[in-house]
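This is query-v4.cif. It holds mmCIF, C-alpha atoms.
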```cif
data_entry
#
loop_
_atom_site.group_PDB
_atom_site.id
_atom_site.type_symbol
_atom_site.label_atom_id
_atom_site.label_comp_id
_atom_site.auth_asym_id
_atom_site.auth_seq_id
_atom_site.Cartn_x
_atom_site.Cartn_y
_atom_site.Cartn_z
ATOM 1 C CA MET A 12 -101.403 -3.932 -55.071
ATOM 2 C CA SER A 13 -103.401 -1.204 -56.817
ATOM 3 C CA ARG A 14 -100.588 1.233 -56.117
ATOM 4 C CA MET A 15 -98.085 -1.152 -57.581
ATOM 5 C CA TYR A 16 -100.148 -1.605 -60.734
ATOM 6 C CA ASN A 17 -100.481 2.168 -60.997
ATOM 7 C CA GLN A 18 -96.911 3.185 -60.297
ATOM 8 C CA ASP A 19 -94.837 5.145 -62.782
ATOM 9 C CA GLY A 20 -91.354 3.657 -62.730
ATOM 10 C CA ASN A 21 -90.332 1.561 -59.752
ATOM 11 C CA LEU A 22 -91.316 3.376 -56.576
ATOM 12 C CA TYR A 23 -92.327 0.168 -54.784
ATOM 13 C CA LYS A 24 -90.195 -2.982 -54.782
ATOM 14 C CA GLY A 25 -92.933 -5.308 -53.618
ATOM 15 C CA ILE A 26 -96.079 -5.578 -51.510
ATOM 16 C CA PHE A 27 -94.331 -5.243 -48.164
ATOM 17 C CA ASP A 28 -92.097 -2.406 -49.376
ATOM 18 C CA CYS A 29 -95.213 -0.624 -50.628
ATOM 19 C CA LEU A 30 -96.939 -1.082 -47.241
ATOM 20 C CA ALA A 31 -93.870 0.173 -45.344
ATOM 21 C CA LYS A 32 -93.521 3.262 -47.551
ATOM 22 C CA THR A 33 -97.231 4.053 -47.289
ATOM 23 C CA VAL A 34 -97.145 3.877 -43.476
ATOM 24 C CA LYS A 35 -93.964 5.996 -43.340
ATOM 25 C CA THR A 36 -95.240 8.779 -45.583
ATOM 26 C CA GLU A 37 -98.976 8.834 -44.834
ATOM 27 C CA GLY A 38 -99.397 7.172 -41.452
ATOM 28 C CA VAL A 39 -100.997 3.912 -40.346
ATOM 29 C CA LEU A 40 -104.544 4.968 -41.260
ATOM 30 C CA ALA A 41 -103.584 5.271 -44.937
ATOM 31 C CA ILE A 42 -103.499 1.476 -45.067
ATOM 32 C CA TYR A 43 -107.272 1.421 -44.671
ATOM 33 C CA LYS A 44 -108.072 4.016 -47.343
ATOM 34 C CA GLY A 45 -111.006 2.854 -49.436
ATOM 35 C CA PHE A 46 -112.054 0.213 -46.904
ATOM 36 C CA LEU A 47 -115.806 0.738 -47.324
ATOM 37 C CA PRO A 48 -115.997 0.251 -51.109
ATOM 38 C CA HIS A 49 -113.829 -2.840 -50.660
ATOM 39 C CA LEU A 50 -116.133 -4.136 -47.915
ATOM 40 C CA ALA A 51 -119.153 -3.449 -50.135
ATOM 41 C CA ARG A 52 -117.621 -5.927 -52.577
ATOM 42 C CA ILE A 53 -116.142 -8.545 -50.265
ATOM 43 C CA LEU A 54 -119.039 -8.857 -47.811
ATOM 44 C CA PRO A 55 -121.794 -9.909 -50.254
ATOM 45 C CA HIS A 56 -119.286 -12.112 -52.062
ATOM 46 C CA THR A 57 -118.281 -13.950 -48.877
ATOM 47 C CA ILE A 58 -121.868 -14.269 -47.639
ATOM 48 C CA LEU A 59 -123.039 -15.743 -50.947
ATOM 49 C CA THR A 60 -120.022 -18.038 -51.349
ATOM 50 C CA LEU A 61 -120.210 -19.566 -47.877
ATOM 51 C CA SER A 62 -124.002 -19.788 -47.664
ATOM 52 C CA LEU A 63 -124.252 -21.400 -51.097
ATOM 53 C CA ALA A 64 -121.413 -23.777 -50.217
ATOM 54 C CA GLU A 65 -123.420 -24.925 -47.169
ATOM 55 C CA GLN A 66 -126.521 -25.466 -49.318
ATOM 56 C CA THR A 67 -124.474 -27.377 -51.906
ATOM 57 C CA ASN A 68 -123.014 -29.596 -49.185
ATOM 58 C CA LYS A 69 -126.508 -30.290 -47.866
ATOM 59 C CA LEU A 70 -127.745 -31.204 -51.358
ATOM 60 C CA MET A 71 -124.744 -33.469 -51.881
ATOM 61 C CA ARG A 72 -125.428 -35.336 -48.659
ATOM 62 C CA LYS A 73 -129.088 -35.761 -49.591
ATOM 63 C CA PHE A 74 -128.065 -36.978 -53.045
ATOM 64 C CA GLU A 75 -125.559 -39.451 -51.610
ATOM 65 C CA ASP A 76 -128.154 -40.812 -49.189
ATOM 66 C CA ARG A 77 -130.493 -41.501 -52.079
ATOM 67 C CA VAL A 78 -127.972 -42.886 -54.569
ATOM 68 C CA LEU A 79 -125.419 -44.865 -52.587
ATOM 69 C CA PRO A 80 -126.595 -48.253 -51.311
ATOM 70 C CA SER A 81 -126.215 -48.441 -47.551
ATOM 71 C CA SER A 82 -123.629 -51.244 -47.816
ATOM 72 C CA ILE A 83 -121.198 -48.891 -49.611
ATOM 73 C CA LYS A 84 -122.078 -45.905 -47.487
ATOM 74 C CA ASN A 85 -121.179 -47.698 -44.291
ATOM 75 C CA ASN A 86 -117.691 -48.321 -45.574
ATOM 76 C CA VAL A 87 -117.003 -44.734 -46.704
ATOM 77 C CA MET B 21 -112.338 10.365 -65.272
ATOM 78 C CA TYR B 22 -114.475 8.124 -63.023
ATOM 79 C CA LYS B 23 -115.629 10.006 -59.909
ATOM 80 C CA GLY B 24 -116.839 6.945 -58.008
ATOM 81 C CA PRO B 25 -118.178 3.434 -58.534
ATOM 82 C CA PHE B 26 -121.696 4.522 -59.492
ATOM 83 C CA HIS B 27 -120.497 7.342 -61.743
ATOM 84 C CA GLY B 28 -118.017 4.904 -63.298
ATOM 85 C CA VAL B 29 -120.742 2.369 -64.076
ATOM 86 C CA SER B 30 -123.038 5.027 -65.593
ATOM 87 C CA VAL B 31 -120.239 6.436 -67.795
ATOM 88 C CA ILE B 32 -119.368 2.958 -69.052
ATOM 89 C CA VAL B 33 -123.022 2.013 -69.720
ATOM 90 C CA ARG B 34 -123.644 5.307 -71.550
ATOM 91 C CA ASN B 35 -120.581 4.865 -73.780
ATOM 92 C CA GLU B 36 -120.393 1.143 -74.294
ATOM 93 C CA GLY B 37 -123.762 -0.267 -73.305
ATOM 94 C CA LEU B 38 -124.321 -3.177 -70.910
ATOM 95 C CA LYS B 39 -121.555 -5.069 -72.688
ATOM 96 C CA GLY B 40 -119.091 -2.557 -71.234
ATOM 97 C CA ILE B 41 -119.693 -3.382 -67.581
ATOM 98 C CA TYR B 42 -119.624 -7.131 -68.213
ATOM 99 C CA ARG B 43 -116.283 -7.184 -70.004
ATOM 100 C CA GLY B 44 -114.194 -10.128 -68.846
ATOM 101 C CA ILE B 45 -117.052 -11.884 -67.033
ATOM 102 C CA GLY B 46 -116.197 -15.274 -68.575
ATOM 103 C CA ALA B 47 -112.612 -15.112 -67.325
ATOM 104 C CA ALA B 48 -113.916 -13.839 -63.973
ATOM 105 C CA TYR B 49 -116.180 -16.899 -63.627
ATOM 106 C CA ILE B 50 -113.330 -19.299 -64.386
ATOM 107 C CA TYR B 51 -111.044 -17.465 -61.964
ATOM 108 C CA GLN B 52 -113.615 -17.506 -59.146
ATOM 109 C CA MET B 53 -114.427 -21.175 -59.726
ATOM 110 C CA ILE B 54 -110.758 -22.140 -59.497
ATOM 111 C CA LEU B 55 -110.042 -19.879 -56.521
ATOM 112 C CA ASN B 56 -113.091 -20.762 -54.444
ATOM 113 C CA GLY B 57 -112.923 -24.406 -55.457
ATOM 114 C CA CYS B 58 -109.404 -24.570 -54.014
ATOM 115 C CA ARG B 59 -110.313 -22.455 -50.973
ATOM 116 C CA LEU B 60 -113.269 -24.596 -49.963
ATOM 117 C CA GLY B 61 -111.952 -27.901 -51.276
ATOM 118 C CA PHE B 62 -108.420 -27.966 -49.861
ATOM 119 C CA TYR B 63 -109.150 -26.380 -46.471
ATOM 120 C CA GLU B 64 -110.692 -29.319 -44.642
ATOM 121 C CA PRO B 65 -108.344 -32.032 -46.022
ATOM 122 C CA ILE B 66 -105.246 -29.964 -45.168
ATOM 123 C CA ARG B 67 -106.622 -29.047 -41.755
ATOM 124 C CA HIS B 68 -107.646 -32.596 -40.966
ATOM 125 C CA SER B 69 -104.348 -34.217 -41.948
ATOM 126 C CA LEU B 70 -102.261 -31.595 -40.111
ATOM 127 C CA THR B 71 -104.411 -31.815 -36.988
ATOM 128 C CA SER B 72 -104.277 -35.610 -36.869
ATOM 129 C CA ALA B 73 -100.510 -35.520 -37.482
ATOM 130 C CA ILE B 74 -99.873 -33.129 -34.576
ATOM 131 C CA TYR B 75 -102.646 -33.867 -32.072
ATOM 132 C CA THR B 76 -103.895 -37.237 -30.906
ATOM 133 C CA ASP B 77 -107.513 -36.120 -31.310
ATOM 134 C CA PRO B 78 -108.247 -35.121 -34.946
ATOM 135 C CA THR B 79 -111.252 -33.026 -33.865
ATOM 136 C CA THR B 80 -108.991 -30.580 -31.984
ATOM 137 C CA GLN B 81 -109.404 -26.955 -33.136
ATOM 138 C CA SER B 82 -106.000 -25.308 -33.418
ATOM 139 C CA LEU B 83 -106.013 -21.639 -34.458
ATOM 140 C CA GLY B 84 -102.522 -21.907 -35.942
ATOM 141 C CA ILE B 85 -103.328 -24.982 -38.038
ATOM 142 C CA ASN B 86 -106.649 -23.507 -39.194
ATOM 143 C CA ILE B 87 -105.006 -20.259 -40.319
ATOM 144 C CA PHE B 88 -102.183 -22.161 -42.014
ATOM 145 C CA SER B 89 -104.663 -24.427 -43.845
ATOM 146 C CA GLY B 90 -106.751 -21.455 -44.959
ATOM 147 C CA ALA B 91 -103.722 -19.554 -46.238
ATOM 148 C CA THR B 92 -102.349 -22.618 -48.043
ATOM 149 C CA SER B 93 -105.614 -23.375 -49.835
ATOM 150 C CA GLY B 94 -105.969 -19.703 -50.832
ATOM 151 C CA ILE B 95 -102.391 -19.542 -52.124
ATOM 152 C CA LEU B 96 -102.957 -22.706 -54.175
ATOM 153 C CA GLY B 97 -106.137 -21.220 -55.626
ATOM 154 C CA ALA B 98 -104.513 -17.875 -56.439
ATOM 155 C CA ALA B 99 -101.588 -19.606 -58.157
ATOM 156 C CA ALA B 100 -103.877 -21.853 -60.197
ATOM 157 C CA GLY B 101 -106.232 -19.027 -61.196
ATOM 158 C CA SER B 102 -103.611 -16.326 -61.825
ATOM 159 C CA PRO B 103 -103.656 -16.391 -65.669
ATOM 160 C CA PHE B 104 -107.447 -15.958 -65.655
ATOM 161 C CA PHE B 105 -107.189 -13.096 -63.165
ATOM 162 C CA LEU B 106 -104.634 -11.374 -65.411
ATOM 163 C CA VAL B 107 -106.663 -11.737 -68.585
ATOM 164 C CA LYS B 108 -109.862 -10.733 -66.770
ATOM 165 C CA THR B 109 -108.251 -7.529 -65.481
ATOM 166 C CA ARG B 110 -106.951 -6.632 -68.937
ATOM 167 C CA LEU B 111 -110.328 -7.347 -70.586
ATOM 168 C CA GLN B 112 -112.052 -5.175 -67.944
ATOM 169 C CA SER B 113 -109.568 -2.309 -68.306
ATOM 170 C CA PHE B 114 -109.973 -2.219 -72.067
ATOM 171 C CA SER B 115 -112.253 0.554 -73.269
ATOM 172 C CA PRO B 116 -112.500 2.003 -76.773
ATOM 173 C CA PHE B 117 -114.141 5.182 -75.380
ATOM 174 C CA ALA B 118 -112.396 6.015 -72.133
ATOM 175 C CA PRO B 119 -109.029 4.260 -72.088
ATOM 176 C CA VAL B 120 -107.226 4.334 -68.710
ATOM 177 C CA GLY B 121 -103.709 2.925 -68.431
ATOM 178 C CA THR B 122 -102.122 0.386 -70.772
ATOM 179 C CA GLN B 123 -104.710 -1.070 -73.151
ATOM 180 C CA HIS B 124 -104.759 -4.630 -74.449
ATOM 181 C CA ALA B 125 -107.107 -5.443 -77.318
ATOM 182 C CA TYR B 126 -108.147 -9.062 -76.721
ATOM 183 C CA LYS B 127 -111.240 -10.512 -78.383
ATOM 184 C CA ASN B 128 -112.019 -12.740 -75.408
ATOM 185 C CA ALA B 129 -110.321 -14.663 -72.600
ATOM 186 C CA VAL B 130 -108.986 -17.438 -74.837
ATOM 187 C CA ASP B 131 -107.672 -14.963 -77.408
ATOM 188 C CA GLY B 132 -106.077 -12.922 -74.606
ATOM 189 C CA MET B 133 -104.280 -15.927 -73.141
ATOM 190 C CA ARG B 134 -103.111 -16.967 -76.611
ATOM 191 C CA GLN B 135 -101.715 -13.467 -77.304
ATOM 192 C CA ILE B 136 -99.949 -13.277 -73.930
ATOM 193 C CA PHE B 137 -98.490 -16.767 -74.367
ATOM 194 C CA LYS B 138 -97.252 -15.971 -77.872
ATOM 195 C CA ALA B 139 -95.606 -12.701 -76.850
ATOM 196 C CA GLU B 140 -94.227 -13.577 -73.406
ATOM 197 C CA GLY B 141 -94.583 -17.307 -72.881
ATOM 198 C CA VAL B 142 -95.691 -18.936 -69.634
ATOM 199 C CA THR B 143 -93.990 -16.229 -67.514
ATOM 200 C CA GLY B 144 -96.266 -13.657 -69.180
ATOM 201 C CA LEU B 145 -99.362 -15.639 -68.174
ATOM 202 C CA TYR B 146 -98.198 -15.757 -64.559
ATOM 203 C CA ARG B 147 -97.360 -12.057 -64.298
ATOM 204 C CA GLY B 148 -98.287 -10.782 -60.831
ATOM 205 C CA VAL B 149 -98.768 -14.288 -59.385
ATOM 206 C CA GLY B 150 -96.643 -13.475 -56.317
ATOM 207 C CA ALA B 151 -98.735 -10.458 -55.347
ATOM 208 C CA ALA B 152 -101.964 -12.388 -55.938
ATOM 209 C CA MET B 153 -100.741 -15.251 -53.742
ATOM 210 C CA VAL B 154 -99.884 -12.865 -50.890
ATOM 211 C CA ARG B 155 -103.210 -11.048 -51.127
ATOM 212 C CA THR B 156 -105.362 -14.168 -51.403
ATOM 213 C CA GLY B 157 -103.266 -15.966 -48.776
ATOM 214 C CA PHE B 158 -104.063 -13.163 -46.328
ATOM 215 C CA GLY B 159 -107.778 -13.281 -47.107
ATOM 216 C CA SER B 160 -108.097 -17.064 -47.046
ATOM 217 C CA SER B 161 -106.078 -17.426 -43.849
ATOM 218 C CA VAL B 162 -109.066 -15.986 -41.963
ATOM 219 C CA GLN B 163 -112.076 -16.754 -44.208
ATOM 220 C CA LEU B 164 -112.952 -20.319 -43.220
ATOM 221 C CA PRO B 165 -111.343 -20.247 -39.737
ATOM 222 C CA THR B 166 -113.500 -17.185 -38.870
ATOM 223 C CA TYR B 167 -116.585 -18.734 -40.452
ATOM 224 C CA PHE B 168 -116.383 -21.976 -38.489
ATOM 225 C CA PHE B 169 -115.283 -20.154 -35.327
ATOM 226 C CA ALA B 170 -118.290 -17.799 -35.522
ATOM 227 C CA LYS B 171 -120.568 -20.740 -36.239
ATOM 228 C CA ARG B 172 -119.363 -22.735 -33.209
ATOM 229 C CA ARG B 173 -119.673 -19.674 -30.938
ATOM 230 C CA LEU B 174 -123.161 -18.776 -32.179
ATOM 231 C CA VAL B 175 -124.343 -22.344 -31.660
ATOM 232 C CA LYS B 176 -122.755 -22.608 -28.221
ATOM 233 C CA HIS B 177 -123.547 -19.211 -26.725
ATOM 234 C CA LEU B 178 -126.672 -18.037 -28.555
ATOM 235 C CA GLY B 179 -128.134 -21.489 -29.114
ATOM 236 C CA MET B 180 -128.572 -20.920 -32.842
ATOM 237 C CA GLU B 181 -129.404 -23.918 -34.979
ATOM 238 C CA GLU B 182 -127.960 -25.100 -38.290
ATOM 239 C CA GLY B 183 -129.733 -23.222 -41.087
ATOM 240 C CA PRO B 184 -129.732 -20.124 -43.319
ATOM 241 C CA ALA B 185 -129.778 -17.645 -40.396
ATOM 242 C CA LEU B 186 -126.677 -19.212 -38.857
ATOM 243 C CA HIS B 187 -124.933 -19.294 -42.238
ATOM 244 C CA LEU B 188 -125.788 -15.644 -42.878
ATOM 245 C CA ALA B 189 -124.506 -14.493 -39.474
ATOM 246 C CA SER B 190 -121.291 -16.515 -39.633
ATOM 247 C CA SER B 191 -120.487 -15.548 -43.210
ATOM 248 C CA THR B 192 -121.066 -11.859 -42.405
ATOM 249 C CA ALA B 193 -118.491 -12.117 -39.607
ATOM 250 C CA SER B 194 -116.142 -13.953 -41.958
ATOM 251 C CA GLY B 195 -116.529 -11.389 -44.758
ATOM 252 C CA PHE B 196 -115.792 -8.500 -42.420
ATOM 253 C CA VAL B 197 -112.627 -10.093 -41.048
ATOM 254 C CA VAL B 198 -111.491 -11.101 -44.562
ATOM 255 C CA CYS B 199 -111.828 -7.496 -45.684
ATOM 256 C CA CYS B 200 -109.856 -6.177 -42.686
ATOM 257 C CA VAL B 201 -106.991 -8.592 -43.322
ATOM 258 C CA MET B 202 -106.971 -8.468 -47.111
ATOM 259 C CA HIS B 203 -107.346 -4.708 -47.450
ATOM 260 C CA PRO B 204 -103.812 -3.507 -46.585
ATOM 261 C CA PRO B 205 -101.848 -5.738 -48.968
ATOM 262 C CA GLY B 206 -104.498 -5.688 -51.681
ATOM 263 C CA LYS B 207 -106.006 -2.289 -52.113
ATOM 264 C CA GLU B 208 -103.289 0.261 -51.693
ATOM 265 C CA GLY B 209 -104.578 3.305 -53.459
ATOM 266 C CA PRO B 210 -107.324 5.857 -53.712
ATOM 267 C CA LEU B 211 -108.358 5.229 -57.326
ATOM 268 C CA PHE B 212 -112.014 4.268 -57.425
ATOM 269 C CA SER B 213 -111.729 2.676 -60.845
ATOM 270 C CA GLU B 214 -109.245 0.251 -59.353
ATOM 271 C CA TYR B 215 -111.628 -1.101 -56.747
ATOM 272 C CA TRP B 216 -113.829 -2.444 -59.451
ATOM 273 C CA THR B 217 -111.206 -3.710 -61.842
ATOM 274 C CA LEU B 218 -109.036 -5.604 -59.346
ATOM 275 C CA THR B 219 -110.758 -8.802 -58.278
#
```
Have the structure of the file written as structure tokens, please.
Amino acid sequence: MSRMYNQDGNLYKGIFDCLAKTVKTEGVLAIYKGFLPHLARILPHTILTLSLAEQTNKLMRKFEDRVLPSSIKNNV
Amino acid sequence: MYKGPFHGVSVIVRNEGLKGIYRGIGAAYIYQMILNGCRLGFYEPIRHSLTSAIYTDPTTQSLGINIFSGATSGILGAAAGSPFFLVKTRLQSFSPFAPVGTQHAYKNAVDGMRQIFKAEGVTGLYRGVGAAMVRTGFGSSVQLPTYFFAKRRLVKHLGMEEGPALHLASSTASGFVVCCVMHPPGKEGPLFSEYWTLT
């Protein structure tokens, strides 16, 4: 995608064309160029997103237990 | 111009101040809220209804259904958040001191969307939506399936209990797999500046 945004003219027709051309001219390993900086971004992001989502779910359940009368809760 | 992420940040801070590295943060927040809201919110409902439609037992874990549900919820999120992603990227790329590539002078996210809509209409706002859907679809297809898979395995084989440690371990596994899958379609290119302006 970065290569497509950066291209001069129309070297790549689409994502899969870009991937195919990269593999053909630079080999399979070229696909994973810049993996570490990408991981340095994605890993903390994923850890925070999923861990915070779990905490939010826990809070929601606690909140529901306190607010909803048991008669309603049993029907949900 | 930028030799690496840290050099890039220091050049921007020196020239533009702290404001420079936080350009587009409002649009980024809206984009992330839409994307992750869809990712986390649609996954379980889609997975549950597909599983109960195909299997007799709705608690069955099917790898195919899980991946399909993850990809679908990510694609929905990417489609819904695409205009914010576009305007965020253009706000981030704008620099009065060290301009790289095409520059768009928007005052803020709302002004940017208004300008794009006026000049190009709705199609302009959804520029690049196809690529974003492919990229996010790849990432989301493994994010939650890997997370819950790792969680079940850690509980079963290592006897870990529900809590922050389990969440940290499972989400680390998930983040690594997401990066492996999302990297090829998303980050084709050696330009460091790009790693920090795209997503």
I need the contact residues of chain A against chain B, so if you could list those with any atom within 10 Å, counting all atoms listed in the file, and return them as number ranges by chain, that would help. A: 12-17, 25-27, 29-30, 33, 41-66
Take the point (-112.9, -29.9, -30.7) in the file's coordinates, draw a sphere of radius 12 Å around it, and report as a JSON list (two decimals) with C-alpha atoms, in the coordinates of the input every protein, DNA or RNA residue with an atom inside or on it, counting all atoms listed in the file.
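Contents of part09.json, as written:
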```json
[["chain", "number", "residue", "atom", "x", "y", "z"],
["B", 68, "HIS", "CA", -107.65, -32.60, -40.97],
["B", 71, "THR", "CA", -104.41, -31.82, -36.99],
["B", 75, "TYR", "CA", -102.65, -33.87, -32.07],
["B", 76, "THR", "CA", -103.90, -37.24, -30.91],
["B", 77, "ASP", "CA", -107.51, -36.12, -31.31],
["B", 78, "PRO", "CA", -108.25, -35.12, -34.95],
["B", 79, "THR", "CA", -111.25, -33.03, -33.86],
["B", 80, "THR", "CA", -108.99, -30.58, -31.98],
["B", 81, "GLN", "CA", -109.40, -26.96, -33.14],
["B", 82, "SER", "CA", -106.00, -25.31, -33.42],
["B", 83, "LEU", "CA", -106.01, -21.64, -34.46],
["B", 168, "PHE", "CA", -116.38, -21.98, -38.49],
["B", 169, "PHE", "CA", -115.28, -20.15, -35.33],
["B", 172, "ARG", "CA", -119.36, -22.74, -33.21]]
```
In Å, with one decimal, what is the gap from CA of Met133 (chain B) to CA of Arg43 (chain B)?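 Value for the CA of Met133 (chain B)-CA of Arg43 (chain B) distance: 15.2 Å.
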Just to confirm, what's the straight-line distance from CA of Arg147 (chain B) to CA of Phe88 (chain B) in Å (one decimal)?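 Going from CA of Arg147 (chain B) over to CA of Phe88 (chain B) covers 24.9 Å.
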Any chance you could resolve the PyMOL selection byres ((chain B and resi 47) around 12) against this file and give the residues as a PyMOL selection string? chain B and resi 42-46+48-54+101-112+128-133+219
Residues from last step as file, C-alpha atoms, as a PDB file, keeping the file's coordinate frame:
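So out03.pdb came out as:
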```pdb
ATOM      1  CA  TYR B  42    -119.624  -7.131 -68.213  1.00  0.00           C
ATOM      2  CA  ARG B  43    -116.283  -7.184 -70.004  1.00  0.00           C
ATOM      3  CA  GLY B  44    -114.194 -10.128 -68.846  1.00  0.00           C
ATOM      4  CA  ILE B  45    -117.052 -11.884 -67.033  1.00  0.00           C
ATOM      5  CA  GLY B  46    -116.197 -15.274 -68.575  1.00  0.00           C
ATOM      6  CA  ALA B  48    -113.916 -13.839 -63.973  1.00  0.00           C
ATOM      7  CA  TYR B  49    -116.180 -16.899 -63.627  1.00  0.00           C
ATOM      8  CA  ILE B  50    -113.330 -19.299 -64.386  1.00  0.00           C
ATOM      9  CA  TYR B  51    -111.044 -17.465 -61.964  1.00  0.00           C
ATOM     10  CA  GLN B  52    -113.615 -17.506 -59.146  1.00  0.00           C
ATOM     11  CA  MET B  53    -114.427 -21.175 -59.726  1.00  0.00           C
ATOM     12  CA  ILE B  54    -110.758 -22.140 -59.497  1.00  0.00           C
ATOM     13  CA  GLY B 101    -106.232 -19.027 -61.196  1.00  0.00           C
ATOM     14  CA  SER B 102    -103.611 -16.326 -61.825  1.00  0.00           C
ATOM     15  CA  PRO B 103    -103.656 -16.391 -65.669  1.00  0.00           C
ATOM     16  CA  PHE B 104    -107.447 -15.958 -65.655  1.00  0.00           C
ATOM     17  CA  PHE B 105    -107.189 -13.096 -63.165  1.00  0.00           C
ATOM     18  CA  LEU B 106    -104.634 -11.374 -65.411  1.00  0.00           C
ATOM     19  CA  VAL B 107    -106.663 -11.737 -68.585  1.00  0.00           C
ATOM     20  CA  LYS B 108    -109.862 -10.733 -66.770  1.00  0.00           C
ATOM     21  CA  THR B 109    -108.251  -7.529 -65.481  1.00  0.00           C
ATOM     22  CA  ARG B 110    -106.951  -6.632 -68.937  1.00  0.00           C
ATOM     23  CA  LEU B 111    -110.328  -7.347 -70.586  1.00  0.00           C
ATOM     24  CA  GLN B 112    -112.052  -5.175 -67.944  1.00  0.00           C
ATOM     25  CA  ASN B 128    -112.019 -12.740 -75.408  1.00  0.00           C
ATOM     26  CA  ALA B 129    -110.321 -14.663 -72.600  1.00  0.00           C
ATOM     27  CA  VAL B 130    -108.986 -17.438 -74.837  1.00  0.00           C
ATOM     28  CA  ASP B 131    -107.672 -14.963 -77.408  1.00  0.00           C
ATOM     29  CA  GLY B 132    -106.077 -12.922 -74.606  1.00  0.00           C
ATOM     30  CA  MET B 133    -104.280 -15.927 -73.141  1.00  0.00           C
ATOM     31  CA  THR B 219    -110.758  -8.802 -58.278  1.00  0.00           C
TER      32      THR B 219
END
```
Applying 7 Å and only C-alpha atoms, which residues near Gly97 (chain B) remain after dropping the ones on its own chain fewer than 6 positions away? List them as a list in words. Ile54, Leu55, Cys58 and Arg59 of chain B
Which distance in Å separates CA of Gly94 (chain B) and CA of Ser161 (chain B), to one decimal?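 The value is 7.3 Å.
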